[in-house]
Structure formats: C-alpha cells, structure tokens
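Visitor: Input file: structure-v7.pdb. Contents: PDB, C-alpha atoms, pLDDT in the B column.
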```pdb
ATOM      1  CA  LYS A 222       0.000   0.000   0.000  1.00 49.00           C
ATOM      2  CA  LYS A 223       1.390   3.374  -0.980  1.00 62.00           C
ATOM      3  CA  ASP A 224       1.915   5.796   1.876  1.00 74.00           C
ATOM      4  CA  ASP A 225       1.935   9.509   1.041  1.00 83.00           C
ATOM      5  CA  PHE A 226       4.120  10.393   4.016  1.00 90.00           C
ATOM      6  CA  LEU A 227       7.871  10.998   3.884  1.00 91.00           C
ATOM      7  CA  TYR A 228       9.776   9.075   6.551  1.00 92.00           C
ATOM      8  CA  PRO A 229      13.236  10.423   7.451  1.00 92.00           C
ATOM      9  CA  SER A 230      16.112   8.089   6.641  1.00 88.00           C
ATOM     10  CA  ASP A 231      17.473   5.633   9.190  1.00 86.00           C
ATOM     11  CA  LYS A 232      20.464   7.961   9.658  1.00 86.00           C
ATOM     12  CA  HIS A 233      18.039  10.346  11.360  1.00 86.00           C
ATOM     13  CA  ILE A 234      17.481   8.464  14.607  1.00 87.00           C
ATOM     14  CA  ASN A 235      15.126  11.101  16.030  1.00 90.00           C
ATOM     15  CA  SER A 236      12.535  10.809  13.252  1.00 92.00           C
ATOM     16  CA  LEU A 237       9.882  12.915  15.062  1.00 94.00           C
ATOM     17  CA  PHE A 238      12.299  15.842  15.293  1.00 94.00           C
ATOM     18  CA  TRP A 239      13.246  15.494  11.628  1.00 94.00           C
ATOM     19  CA  CYS A 240       9.593  15.411  10.562  1.00 95.00           C
ATOM     20  CA  TRP A 241       9.162  18.713  12.374  1.00 95.00           C
ATOM     21  CA  ASN A 242      12.371  20.035  10.809  1.00 93.00           C
ATOM     22  CA  ILE A 243      11.247  19.075   7.298  1.00 94.00           C
ATOM     23  CA  PHE A 244       7.888  20.754   7.846  1.00 95.00           C
ATOM     24  CA  HIS A 245       9.306  23.921   9.410  1.00 95.00           C
ATOM     25  CA  ASN A 246      12.536  24.416   7.430  1.00 93.00           C
ATOM     26  CA  GLY A 247      11.767  22.611   4.183  1.00 91.00           C
ATOM     27  CA  LEU A 248      12.922  19.524   2.364  1.00 91.00           C
ATOM     28  CA  ASP A 249      16.019  21.240   0.922  1.00 91.00           C
ATOM     29  CA  ASN A 250      17.301  21.964   4.432  1.00 88.00           C
ATOM     30  CA  TYR A 251      16.746  18.298   5.336  1.00 90.00           C
ATOM     31  CA  TYR A 252      18.782  17.044   2.383  1.00 90.00           C
ATOM     32  CA  SER A 253      21.554  19.587   2.962  1.00 88.00           C
ATOM     33  CA  SER A 254      21.900  18.395   6.590  1.00 86.00           C
ATOM     34  CA  MET A 255      22.690  14.796   5.587  1.00 86.00           C
ATOM     35  CA  ASN A 256      26.439  15.265   6.086  1.00 87.00           C
ATOM     36  CA  ASN A 257      26.143  16.907   9.492  1.00 88.00           C
ATOM     37  CA  ILE A 258      22.996  15.451  11.062  1.00 90.00           C
ATOM     38  CA  TYR A 259      23.989  15.641  14.723  1.00 90.00           C
ATOM     39  CA  GLN A 260      25.269  19.233  14.608  1.00 91.00           C
ATOM     40  CA  GLU A 261      22.220  20.467  12.666  1.00 91.00           C
ATOM     41  CA  GLU A 262      19.868  18.834  15.147  1.00 91.00           C
ATOM     42  CA  GLN A 263      21.679  20.270  18.177  1.00 92.00           C
ATOM     43  CA  ASN A 264      21.752  23.808  16.724  1.00 92.00           C
ATOM     44  CA  GLU A 265      18.025  23.674  15.991  1.00 92.00           C
ATOM     45  CA  ARG A 266      17.207  22.344  19.443  1.00 93.00           C
ATOM     46  CA  ILE A 267      19.153  25.120  21.182  1.00 93.00           C
ATOM     47  CA  SER A 268      17.417  27.786  19.099  1.00 94.00           C
ATOM     48  CA  TYR A 269      14.040  26.354  20.152  1.00 95.00           C
ATOM     49  CA  VAL A 270      14.907  26.678  23.835  1.00 93.00           C
ATOM     50  CA  ASP A 271      15.582  30.406  23.297  1.00 93.00           C
ATOM     51  CA  LEU A 272      12.230  30.723  21.522  1.00 94.00           C
ATOM     52  CA  ILE A 273      10.412  28.965  24.362  1.00 94.00           C
ATOM     53  CA  ARG A 274      12.005  31.224  26.965  1.00 93.00           C
ATOM     54  CA  LYS A 275      10.959  34.334  25.012  1.00 94.00           C
ATOM     55  CA  ASN A 276       7.362  33.077  24.727  1.00 93.00           C
ATOM     56  CA  LYS A 277       6.590  31.806  28.237  1.00 92.00           C
ATOM     57  CA  ASP A 278       2.987  33.052  28.107  1.00 92.00           C
ATOM     58  CA  LYS A 279       2.268  31.212  24.853  1.00 92.00           C
ATOM     59  CA  VAL A 280       3.580  27.983  26.382  1.00 91.00           C
ATOM     60  CA  LYS A 281       1.284  28.483  29.387  1.00 91.00           C
ATOM     61  CA  GLU A 282      -1.719  28.857  27.027  1.00 90.00           C
ATOM     62  CA  ILE A 283      -1.486  25.190  26.102  1.00 89.00           C
ATOM     63  CA  LYS A 284      -0.737  24.129  29.691  1.00 89.00           C
ATOM     64  CA  MET A 285       2.751  22.771  29.073  1.00 90.00           C
ATOM     65  CA  LYS A 286       5.526  22.917  31.628  1.00 91.00           C
ATOM     66  CA  ARG A 287       8.268  25.056  30.158  1.00 91.00           C
ATOM     67  CA  SER A 288      11.047  23.368  32.141  1.00 92.00           C
ATOM     68  CA  GLY A 289       9.926  19.897  31.020  1.00 93.00           C
ATOM     69  CA  ILE A 290       9.780  20.930  27.363  1.00 94.00           C
ATOM     70  CA  GLU A 291      13.194  22.628  27.574  1.00 94.00           C
ATOM     71  CA  ASN A 292      14.690  19.552  29.248  1.00 94.00           C
ATOM     72  CA  ASN A 293      13.284  17.271  26.573  1.00 94.00           C
ATOM     73  CA  ILE A 294      14.516  19.440  23.722  1.00 94.00           C
ATOM     74  CA  VAL A 295      18.064  19.868  25.044  1.00 92.00           C
ATOM     75  CA  HIS A 296      18.889  16.727  27.019  1.00 93.00           C
ATOM     76  CA  GLU A 297      16.828  13.801  25.791  1.00 93.00           C
ATOM     77  CA  PRO A 298      17.789  11.860  22.657  1.00 91.00           C
ATOM     78  CA  GLN A 299      14.198  11.672  21.347  1.00 92.00           C
ATOM     79  CA  ILE A 300      12.029  14.764  21.156  1.00 94.00           C
ATOM     80  CA  SER A 301       8.579  14.210  22.674  1.00 93.00           C
ATOM     81  CA  PHE A 302       5.118  14.686  21.247  1.00 93.00           C
ATOM     82  CA  ASN A 303       4.504  17.524  23.746  1.00 93.00           C
ATOM     83  CA  SER A 304       7.610  19.347  22.529  1.00 94.00           C
ATOM     84  CA  ILE A 305       6.375  19.187  18.927  1.00 95.00           C
ATOM     85  CA  LEU A 306       2.919  20.317  20.050  1.00 94.00           C
ATOM     86  CA  THR A 307       4.524  23.284  21.828  1.00 95.00           C
ATOM     87  CA  LEU A 308       6.602  24.216  18.769  1.00 95.00           C
ATOM     88  CA  THR A 309       3.583  24.091  16.448  1.00 95.00           C
ATOM     89  CA  HIS A 310       1.762  26.379  18.854  1.00 94.00           C
ATOM     90  CA  LEU A 311       4.660  28.843  19.084  1.00 94.00           C
ATOM     91  CA  PHE A 312       4.901  29.078  15.292  1.00 95.00           C
ATOM     92  CA  ASP A 313       1.083  29.291  14.860  1.00 94.00           C
ATOM     93  CA  TYR A 314       0.767  26.071  12.860  1.00 95.00           C
ATOM     94  CA  ASN A 315      -2.181  23.711  12.884  1.00 94.00           C
ATOM     95  CA  PHE A 316      -1.225  20.199  13.955  1.00 95.00           C
ATOM     96  CA  ILE A 317      -2.596  16.750  13.119  1.00 94.00           C
ATOM     97  CA  TYR A 318      -1.086  13.573  14.540  1.00 94.00           C
ATOM     98  CA  LEU A 319      -2.039  10.049  13.456  1.00 93.00           C
ATOM     99  CA  THR A 320      -1.199   6.568  14.578  1.00 91.00           C
ATOM    100  CA  GLU A 321      -2.756   3.335  13.398  1.00 88.00           C
ATOM    101  CA  LYS A 322      -5.599   3.740  15.915  1.00 87.00           C
ATOM    102  CA  LEU A 323      -5.473   7.350  17.215  1.00 89.00           C
ATOM    103  CA  TYR A 324      -6.216  10.753  15.733  1.00 90.00           C
ATOM    104  CA  PHE A 325      -5.258  14.074  17.340  1.00 92.00           C
ATOM    105  CA  GLU A 326      -5.767  17.555  15.943  1.00 92.00           C
ATOM    106  CA  LYS A 327      -5.142  21.079  17.109  1.00 92.00           C
ATOM    107  CA  ILE A 328      -6.543  23.439  14.497  1.00 90.00           C
ATOM    108  CA  THR A 329      -6.104  27.087  15.465  1.00 86.00           C
ATOM    109  CA  SER A 330      -7.074  28.689  12.164  1.00 87.00           C
ATOM    110  CA  PRO A 331      -7.967  27.308   8.738  1.00 85.00           C
ATOM    111  CA  ILE A 332      -5.585  29.787   7.108  1.00 88.00           C
ATOM    112  CA  ASN A 333      -2.534  28.592   9.101  1.00 90.00           C
ATOM    113  CA  LYS A 334      -0.167  26.014   7.636  1.00 92.00           C
ATOM    114  CA  THR A 335      -0.918  22.471   8.883  1.00 93.00           C
ATOM    115  CA  CYS A 336       1.709  20.007  10.118  1.00 94.00           C
ATOM    116  CA  ILE A 337       0.558  16.396   9.684  1.00 95.00           C
ATOM    117  CA  ILE A 338       2.683  13.704  11.309  1.00 95.00           C
ATOM    118  CA  LYS A 339       1.954   9.988  11.224  1.00 94.00           C
ATOM    119  CA  LYS A 340       3.496   7.296  13.412  1.00 93.00           C
ATOM    120  CA  ASN A 341       3.886   4.010  11.575  1.00 89.00           C
ATOM    121  CA  ASN A 342       5.918   1.058  12.914  1.00 87.00           C
ATOM    122  CA  ASN A 343       7.698   3.251  15.490  1.00 87.00           C
ATOM    123  CA  LYS A 344       8.832   5.716  12.807  1.00 91.00           C
ATOM    124  CA  TYR A 345       7.354   9.111  12.147  1.00 94.00           C
ATOM    125  CA  GLY A 346       6.458  10.465   8.729  1.00 94.00           C
ATOM    126  CA  ILE A 347       5.518  13.942   7.529  1.00 95.00           C
ATOM    127  CA  TRP A 348       2.823  14.820   4.984  1.00 93.00           C
ATOM    128  CA  LEU A 349       4.418  16.839   2.185  1.00 87.00           C
ATOM    129  CA  ASN A 350       1.549  16.957  -0.289  1.00 85.00           C
ATOM    130  CA  ASP A 351      -0.973  19.757  -0.511  1.00 82.00           C
ATOM    131  CA  ILE A 352      -3.260  19.864   2.541  1.00 80.00           C
ATOM    132  CA  ASP A 353      -6.290  19.714   0.216  1.00 80.00           C
ATOM    133  CA  LYS A 354      -5.238  16.174  -0.766  1.00 84.00           C
ATOM    134  CA  PHE A 355      -5.455  15.028   2.865  1.00 85.00           C
ATOM    135  CA  ASP A 356      -8.969  13.908   3.779  1.00 84.00           C
ATOM    136  CA  ILE A 357      -9.208  15.041   7.398  1.00 81.00           C
ATOM    137  CA  LEU A 358     -12.760  13.774   7.917  1.00 80.00           C
ATOM    138  CA  ALA A 359     -12.039  10.299   6.548  1.00 83.00           C
ATOM    139  CA  GLU A 360      -8.849   9.945   8.602  1.00 82.00           C
ATOM    140  CA  GLY A 361     -10.655  11.138  11.733  1.00 79.00           C
ATOM    141  CA  LYS A 362     -13.490   8.635  11.275  1.00 80.00           C
ATOM    142  CA  LYS A 363     -11.121   5.667  10.900  1.00 83.00           C
ATOM    143  CA  ARG A 364      -9.402   6.368  14.197  1.00 86.00           C
ATOM    144  CA  PHE A 365     -10.209   7.114  17.819  1.00 83.00           C
ATOM    145  CA  ARG A 366     -10.118  10.884  18.295  1.00 86.00           C
ATOM    146  CA  VAL A 367      -8.206  11.922  21.418  1.00 86.00           C
ATOM    147  CA  GLU A 368      -7.751  15.232  23.191  1.00 84.00           C
ATOM    148  CA  ASN A 369      -4.494  14.226  24.880  1.00 79.00           C
ATOM    149  CA  VAL A 370      -2.102  11.762  23.256  1.00 80.00           C
ATOM    150  CA  GLU A 371      -0.279  11.141  26.540  1.00 76.00           C
ATOM    151  CA  LYS A 372      -3.575  10.068  28.211  1.00 77.00           C
ATOM    152  CA  PRO A 373      -5.900   9.012  25.389  1.00 77.00           C
ATOM    153  CA  LEU A 374      -8.627   7.468  27.570  1.00 78.00           C
ATOM    154  CA  LYS A 375     -10.456   8.904  30.553  1.00 81.00           C
ATOM    155  CA  GLY A 376     -11.700   6.774  33.418  1.00 81.00           C
ATOM    156  CA  ILE A 377     -14.344   4.231  32.385  1.00 79.00           C
ATOM    157  CA  SER A 378     -17.030   5.994  34.455  1.00 85.00           C
ATOM    158  CA  ASN A 379     -16.721   9.059  32.160  1.00 85.00           C
ATOM    159  CA  TYR A 380     -18.181   7.142  29.228  1.00 85.00           C
ATOM    160  CA  LYS A 381     -21.699   5.972  28.451  1.00 88.00           C
ATOM    161  CA  LYS A 382     -22.340   2.567  26.924  1.00 84.00           C
ATOM    162  CA  ASN A 383     -22.816   3.891  23.386  1.00 85.00           C
ATOM    163  CA  GLN A 384     -19.578   5.907  23.651  1.00 84.00           C
ATOM    164  CA  LEU A 385     -17.665   2.793  24.728  1.00 83.00           C
ATOM    165  CA  GLU A 386     -19.184   0.838  21.833  1.00 82.00           C
ATOM    166  CA  GLU A 387     -18.104   3.592  19.415  1.00 81.00           C
ATOM    167  CA  ILE A 388     -14.557   3.508  20.831  1.00 80.00           C
ATOM    168  CA  CYS A 389     -14.467  -0.269  20.404  1.00 82.00           C
ATOM    169  CA  LYS A 390     -15.710   0.058  16.838  1.00 78.00           C
ATOM    170  CA  ASN A 391     -12.997   2.622  15.985  1.00 75.00           C
ATOM    171  CA  LEU A 392     -10.311   0.471  17.604  1.00 76.00           C
ATOM    172  CA  GLN A 393     -11.717  -2.698  15.953  1.00 77.00           C
ATOM    173  CA  ILE A 394     -12.396  -4.456  19.244  1.00 81.00           C
ATOM    174  CA  ASN A 395     -15.163  -7.085  19.270  1.00 82.00           C
ATOM    175  CA  VAL A 396     -18.075  -6.235  21.570  1.00 79.00           C
ATOM    176  CA  SER A 397     -20.366  -8.869  23.055  1.00 73.00           C
ATOM    177  CA  ASN A 398     -24.020  -8.062  23.727  1.00 69.00           C
ATOM    178  CA  GLU A 399     -23.920  -9.510  27.227  1.00 66.00           C
ATOM    179  CA  LYS A 400     -24.003  -7.196  30.246  1.00 58.00           C
TER     180      LYS A 400
END
```
Kindly present the structure from the file in structure tokens form.
Guide:
Amino acid sequence: KKDDFLYPSDKHINSLFWCWNIFHNGLDNYYSSMNNIYQEEQNERISYVDLIRKNKDKVKEIKMKRSGIENNIVHEPQISFNSILTLTHLFDYNFIYLTEKLYFEKITSPINKTCIIKKNNNKYGIWLNDIDKFDILAEGKKRFRVENVEKPLKGISNYKKNQLEEICKNLQINVSNEK
C-alpha cells in the first residue's frame, strides 16, 4: 500500500524531530543536513529553547511545563510529542497527529499552515503533499479521536455505553451483547 508520508532516513534516529524540521525548514534543508545530522539537530534544538524562553505566556496557554519541554529538547535523545505540540503552537501552525488507531488535531485557524505527522511502525512520517489532498474527515473517522495523546482514555465511568461501543468500533475491538 502506498503511503503519502515521507519518513526520514534511518540515519536520522530522532525521526519525530526530523519530521518537524522538514515541515518547518523545508525539504532542501533536510537534504543539505545529511552530512552533518547531529550538529544540525543540536543547533536547531538550542534555538528552540531560546524561543520557548521568550514566549513563556504562549507555552502556558497550552498548559505545558516550560522546564519539562526545555529539558526534553536539550537533554533527551528523542524529542517528545509535547515538545512538537509546543513548537507548532509557538509558530502558529495547525497540527494533526495520526497513529494506526489514534487521531489528534489542534486546528487554530484554517488559514494557518498544517503540520501532519503519522506514526507508523515506530517511525514518524511527515505529509508533504498539498493539505487539500489530505482527507481530514475520513482519517478522523477511521481512528479514535483523542484530546491528549499522553492520556488518550479517561476513566471508564466518564463514558456511556454507546460511547464505549463507538470507541471499540474505531479500535476494531469485538463487543459482546452480554451485560
């Protein structure tokens, strides 16, 4: 099956970061960094920490802990989903994230550029085609829509029976009709 997402090469160990980098800085920048991957990544990460520190109020708007995001960006080998979410917010991008079963979106304005990242077999890919070619409604219907990727499900008492059945249907879990 053809996948319309670009997955960074295996040389780029931190594929989520490189998806963001391709989206934000362009494909040419990605290809020009092939000879100096580590240094390019470190320089970008440090510049993002400065941006986060200058925009503390914007980080608070989305209820992220600035120190945790800064720590992840500078010290951890893999950039986290929350760090990417923070960066898309700081640069006023819309953001859509897909896995095989989950769908997350943060659309701030229809006129803003949209970053679409898909996780497939523990690798991340970035949508490079025109946003009009991406069927948001169809992708959202095939997956379970979440408000928080870190905690996709609420406690079971927050759901009604029909909501649980809908979740099971989206996740392709068989449901018995017994109580």
Visitor: Apply the PyMOL selection byres ((chain A and resi 234) around 12) to the file shown and report the selected residues as a PDB file with C-alpha atoms, keeping the file's coordinate frame.
Guide:
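Result went into selection00.pdb, see below:
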```
ATOM      1  CA  TYR A 228       9.776   9.075   6.551  1.00 92.00           C
ATOM      2  CA  PRO A 229      13.236  10.423   7.451  1.00 92.00           C
ATOM      3  CA  SER A 230      16.112   8.089   6.641  1.00 88.00           C
ATOM      4  CA  ASP A 231      17.473   5.633   9.190  1.00 86.00           C
ATOM      5  CA  LYS A 232      20.464   7.961   9.658  1.00 86.00           C
ATOM      6  CA  HIS A 233      18.039  10.346  11.360  1.00 86.00           C
ATOM      7  CA  ASN A 235      15.126  11.101  16.030  1.00 90.00           C
ATOM      8  CA  SER A 236      12.535  10.809  13.252  1.00 92.00           C
ATOM      9  CA  LEU A 237       9.882  12.915  15.062  1.00 94.00           C
ATOM     10  CA  PHE A 238      12.299  15.842  15.293  1.00 94.00           C
ATOM     11  CA  TRP A 239      13.246  15.494  11.628  1.00 94.00           C
ATOM     12  CA  CYS A 240       9.593  15.411  10.562  1.00 95.00           C
ATOM     13  CA  ILE A 258      22.996  15.451  11.062  1.00 90.00           C
ATOM     14  CA  TYR A 259      23.989  15.641  14.723  1.00 90.00           C
ATOM     15  CA  GLU A 262      19.868  18.834  15.147  1.00 91.00           C
ATOM     16  CA  PRO A 298      17.789  11.860  22.657  1.00 91.00           C
ATOM     17  CA  GLN A 299      14.198  11.672  21.347  1.00 92.00           C
ATOM     18  CA  ILE A 300      12.029  14.764  21.156  1.00 94.00           C
ATOM     19  CA  ASN A 343       7.698   3.251  15.490  1.00 87.00           C
ATOM     20  CA  LYS A 344       8.832   5.716  12.807  1.00 91.00           C
ATOM     21  CA  TYR A 345       7.354   9.111  12.147  1.00 94.00           C
TER      22      TYR A 345
END
```
Visitor: For stretch 379-386 of chain A, work out the shell of residues within 8 Å, counting only C-alpha atoms and skipping chain neighbours fewer than 4 positions away, then give it as a list in words.
Guide: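 These residues fall inside the cut-off: Lys375, Lys390 and Val396 of chain A.
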Visitor: In terms of the shortest atom-to-atom distance over only C-alpha atoms, which of A:Asp356, A:Glu291, A:Glu261, A:Glu368 is closest to A:Phe325?
Guide: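 The shortest atom-to-atom distance to A:Phe325 comes from A:Glu368.
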Visitor: I would like the residues chosen by the PyMOL selection byres ((chain A and resi 245-250) around 10) on the shown file; could you give them as a ChimeraX atom specification?
Guide: /A:239-244,251-255,261,308-309,312,314,334,336,349
Visitor: Counting all atoms listed in the file, figure out which residue out of A:Leu227, A:Leu311, A:Val295, A:Ile290 gets nearest to A:Trp348.
Guide: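 When distances to A:Trp348 are compared using all atoms listed in the file, the smallest one comes from A:Leu227.
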Visitor: Quote the spacing between atom CA of A:Val370 and atom CA of A:Lys340 in Å to one decimal place.
Guide: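 Between atom CA of A:Val370 and atom CA of A:Lys340 the gap works out to 12.2 Å.
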Visitor: Would you list the contacts of A:Thr320 as a CSV table (one decimal) with C-alpha atoms, in the frame of the given file, taking every protein, DNA or RNA residue within 8 Å and counting only C-alpha atoms, but skipping same-chain residues closer than 4 positions in sequence?
Guide:
```csv
chain,number,residue,atom,x,y,z
A,324,TYR,CA,-6.2,10.8,15.7
A,339,LYS,CA,2.0,10.0,11.2
A,340,LYS,CA,3.5,7.3,13.4
A,341,ASN,CA,3.9,4.0,11.6
```
Visitor: Can you tell me how far atom CA of A:Pro331 sits from atom CA of A:His310, in Å to one decimal?
Guide: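 Calculated distance between atom CA of A:Pro331 and atom CA of A:His310 is 14.1 Å.
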Visitor: Expressed in Å to a single decimal, how great is the separation between atom CA of A:Lys327 and atom CA of A:Thr307?
Guide: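 Separation between atom CA of A:Lys327 and atom CA of A:Thr307: 11.0 Å.
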Visitor: If we count only C-alpha atoms, what is near A:Asn315 at a cut-off of 6 Å, once residues fewer than 5 positions away on the same chain are taken out, given as number ranges by chain?
Guide: A: 327-329, 335
Visitor: Starting from the PyMOL selection byres ((chain A and resi 283) around 9), expand the selection into actual residues of this file and give them as a list of chain:residue names.
Guide: A:Lys279, A:Val280, A:Lys281, A:Glu282, A:Lys284, A:Met285, A:Leu306, A:Thr307, A:His310
Visitor: Please produce a file of those selected residues containing C-alpha atoms, as an mmCIF file, in the frame of the given file.
Guide:
```cif
data_model
loop_
_atom_site.group_PDB
_atom_site.id
_atom_site.type_symbol
_atom_site.label_atom_id
_atom_site.label_comp_id
_atom_site.auth_asym_id
_atom_site.auth_seq_id
_atom_site.Cartn_x
_atom_site.Cartn_y
_atom_site.Cartn_z
ATOM 1 C CA LYS A 279 2.268 31.212 24.853
ATOM 2 C CA VAL A 280 3.580 27.983 26.382
ATOM 3 C CA LYS A 281 1.284 28.483 29.387
ATOM 4 C CA GLU A 282 -1.719 28.857 27.027
ATOM 5 C CA LYS A 284 -0.737 24.129 29.691
ATOM 6 C CA MET A 285 2.751 22.771 29.073
ATOM 7 C CA LEU A 306 2.919 20.317 20.050
ATOM 8 C CA THR A 307 4.524 23.284 21.828
ATOM 9 C CA HIS A 310 1.762 26.379 18.854
#
```
Visitor: Which residue gives the smallest distance to A:Pro373 among A:Ala359, A:Ile388, A:Ile332, A:Ile273, with all atoms listed in the file counted?
Guide: A:Ile388
Visitor: Between A:Ile377, A:Glu297, A:Ser397, A:Asn350, which residue has the minimum interatomic distance to A:Gln263, considering all atoms listed in the file?
Guide: A:Glu297
Visitor: Just stretch 276-293 of chain A, please, as a short mmCIF file (atom, residue, chain, number, x, y, z; two decimals), in the first residue's frame (only N, CA, C and O atoms).
Guide:
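Dumped to selection-v9.cif:
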```cif
data_model
loop_
_atom_site.label_atom_id
_atom_site.label_comp_id
_atom_site.auth_asym_id
_atom_site.auth_seq_id
_atom_site.Cartn_x
_atom_site.Cartn_y
_atom_site.Cartn_z
N ASN A 276 8.82 33.17 24.87
CA ASN A 276 7.36 33.08 24.73
C ASN A 276 6.74 32.25 25.85
O ASN A 276 5.91 31.37 25.60
N LYS A 277 7.08 32.57 27.08
CA LYS A 277 6.59 31.81 28.24
C LYS A 277 5.06 31.80 28.31
O LYS A 277 4.45 30.79 28.62
N ASP A 278 4.45 32.96 28.02
CA ASP A 278 2.99 33.05 28.11
C ASP A 278 2.30 32.16 27.08
O ASP A 278 1.25 31.58 27.37
N LYS A 279 2.86 32.06 25.89
CA LYS A 279 2.27 31.21 24.85
C LYS A 279 2.36 29.74 25.24
O LYS A 279 1.47 28.95 24.93
N VAL A 280 3.43 29.37 25.92
CA VAL A 280 3.58 27.98 26.38
C VAL A 280 2.54 27.69 27.46
O VAL A 280 1.95 26.61 27.50
N LYS A 281 2.29 28.66 28.33
CA LYS A 281 1.28 28.48 29.39
C LYS A 281 -0.12 28.32 28.80
O LYS A 281 -0.96 27.64 29.39
N GLU A 282 -0.39 28.95 27.66
CA GLU A 282 -1.72 28.86 27.03
C GLU A 282 -2.12 27.41 26.77
O GLU A 282 -3.29 27.07 26.86
N ILE A 283 -1.16 26.59 26.41
CA ILE A 283 -1.49 25.19 26.10
C ILE A 283 -1.17 24.26 27.27
O ILE A 283 -1.14 23.04 27.12
N LYS A 284 -0.92 24.86 28.44
CA LYS A 284 -0.74 24.13 29.69
C LYS A 284 0.42 23.12 29.65
O LYS A 284 0.30 21.99 30.11
N MET A 285 1.53 23.58 29.08
CA MET A 285 2.75 22.77 29.07
C MET A 285 3.72 23.34 30.10
O MET A 285 3.75 24.55 30.33
N LYS A 286 4.51 22.47 30.68
CA LYS A 286 5.53 22.92 31.63
C LYS A 286 6.79 23.27 30.85
O LYS A 286 7.40 22.40 30.22
N ARG A 287 7.13 24.54 30.92
CA ARG A 287 8.27 25.06 30.16
C ARG A 287 9.55 24.29 30.48
O ARG A 287 10.29 23.91 29.59
N SER A 288 9.80 24.05 31.75
CA SER A 288 11.05 23.37 32.14
C SER A 288 11.10 21.94 31.57
O SER A 288 12.16 21.48 31.14
N GLY A 289 9.98 21.26 31.57
CA GLY A 289 9.93 19.90 31.02
C GLY A 289 10.17 19.87 29.52
O GLY A 289 10.88 19.00 29.01
N ILE A 290 9.59 20.84 28.82
CA ILE A 290 9.78 20.93 27.36
C ILE A 290 11.23 21.27 27.05
O ILE A 290 11.86 20.66 26.18
N GLU A 291 11.79 22.25 27.79
CA GLU A 291 13.19 22.63 27.57
C GLU A 291 14.12 21.44 27.85
O GLU A 291 15.06 21.19 27.08
N ASN A 292 13.87 20.72 28.92
CA ASN A 292 14.69 19.55 29.25
C ASN A 292 14.62 18.52 28.14
O ASN A 292 15.65 17.96 27.74
N ASN A 293 13.44 18.25 27.64
CA ASN A 293 13.28 17.27 26.57
C ASN A 293 14.03 17.71 25.32
O ASN A 293 14.73 16.91 24.70
#
```
